Amino acid sequence: MLVTVGAVFGGARGSAAEWGHTTLRVRGRQCRCGALGCLEAYAGAEALVQRWQEAGATLPADTDEETAVTALLAAAHPEEGPADPVALSVLDETAEYLGAGISDLINLYSPERVLLCGWAGLQLAPYILDDVRRHAKAYALRHPAERVTIELGRLGPDAVTVGAATLPLADFFAAAAAFTSRRRKETPPSNRRGGGPRWRRAS
């Protein structure tokens, strides 16, 4: 989601800012959208688990994405014993993919802030956020990169749901503001509340 001047930017048809489907690699992995090389096909939760399995990890067939990501993090950063080098490598690659993707946002929009949200972001951020920032700065243009902050969103795992719930309210208030503005333009000053200009009321 892209927010500019306090409003969600939807583009000409309301579907802009599909950042996860910008091309990260030409002739790359097939994304679930059908295209090749999307950022999501490398850095999304589903892709993260797939890359780990392709590198040799084994998981029960009925393991859901959230449980699989938790297992990956536990393997890469165990409370005791040595870390799994394969899991660590997958996380390191993911941090670089995300950083490179964020650098595209920085170069295109020169944003004030980039927020990582959702359940996957909450799980991964404590382990990779510093590396994501480092890679984003390395891949982006220096001037805008020095003026952006990359942070973890504060709405928790329900950020997408909360954001979707606010869209009807945003449309309602925008329509109300447009209606009020239109009425003010259509109403002559003498008919507005207050009886027209102050100098005329004084007479």
# chains A, B, ... in the order shown; residues from 1 in each chain; ligands from 1
call {"tool": "residues_around", "arguments": {"residues": "range 69-74 of chain A", "least_positions_apart": "5", "cutoff": "10 Å", "atoms": "only C-alpha atoms", "output": "PyMOL selection string"}}
result
chain A and resi 45-46+48-49+52-53+57+59+63-64+79-80+83-84+86-88+90-91+120+123-124+127
call {"tool": "select_by_dssp", "arguments": {"residues": "range 98-186 of chain A", "states": "strand (DSSP E or B)", "output": "VMD selection string"}}
result
chain A and resid 113 to 116 149 to 152
call {"tool": "residues_around", "arguments": {"residues": "Asp130 in chain A", "least_positions_apart": "2", "cutoff": "12 Å", "atoms": "only C-alpha atoms", "output": "list in words"}}
result
Asp92, Ala95, Glu96, Leu98, Gly99, Leu124, Ala125, Pro126, Tyr127, Ile128, Val132, Arg133, Arg134, His135, Ala136, Lys137, Thr149, Ile150, Glu151 and Leu152 of chain A
call {"tool": "residues_around", "arguments": {"residues": "Tyr109 in chain A", "least_positions_apart": "2", "cutoff": "12 Å", "atoms": "only C-alpha atoms", "output": "list in words"}}
result
Leu2, Val3, Thr4, Phe9, Ala17, Trp19, Ile102, Ser103, Asp104, Leu105, Ile106, Asn107, Pro111, Glu112, Arg113, Val114, Ala140, Leu141, Pro144, Ala145, Arg147 and Val148 of chain A
call {"tool": "write_last_selection", "arguments": {"atoms": "C-alpha atoms", "output": "compact mmCIF listing (two decimals), in the first residue's frame"}}
result
# COMPACT_ATOMS: atom_id res chain seq x y z
CA LEU A 2 1.27 3.45 -0.94
CA VAL A 3 0.11 6.42 1.16
CA THR A 4 0.81 9.91 -0.12
CA PHE A 9 -2.74 5.99 -3.81
CA ALA A 17 1.35 -0.01 -5.75
CA TRP A 19 5.02 -3.65 -4.94
CA ILE A 102 12.61 -1.46 -0.93
CA SER A 103 15.37 0.35 -2.81
CA ASP A 104 13.04 0.45 -5.83
CA LEU A 105 10.41 2.18 -3.68
CA ILE A 106 13.02 4.62 -2.42
CA ASN A 107 14.26 5.46 -5.90
CA PRO A 111 9.27 8.11 0.74
CA GLU A 112 9.54 9.40 4.28
CA ARG A 113 8.93 5.96 5.78
CA VAL A 114 8.63 2.32 4.73
CA ALA A 140 19.16 2.76 -3.47
CA LEU A 141 20.26 6.21 -4.56
CA PRO A 144 16.73 9.57 -0.84
CA ALA A 145 18.12 6.54 1.05
CA ARG A 147 16.16 10.40 4.31
CA VAL A 148 13.94 7.35 4.71
call {"tool": "atom_distance", "arguments": {"atom1": "CA of Tyr42 in chain A", "atom2": "CA of Val26 in chain A"}}
result
12.4 Å
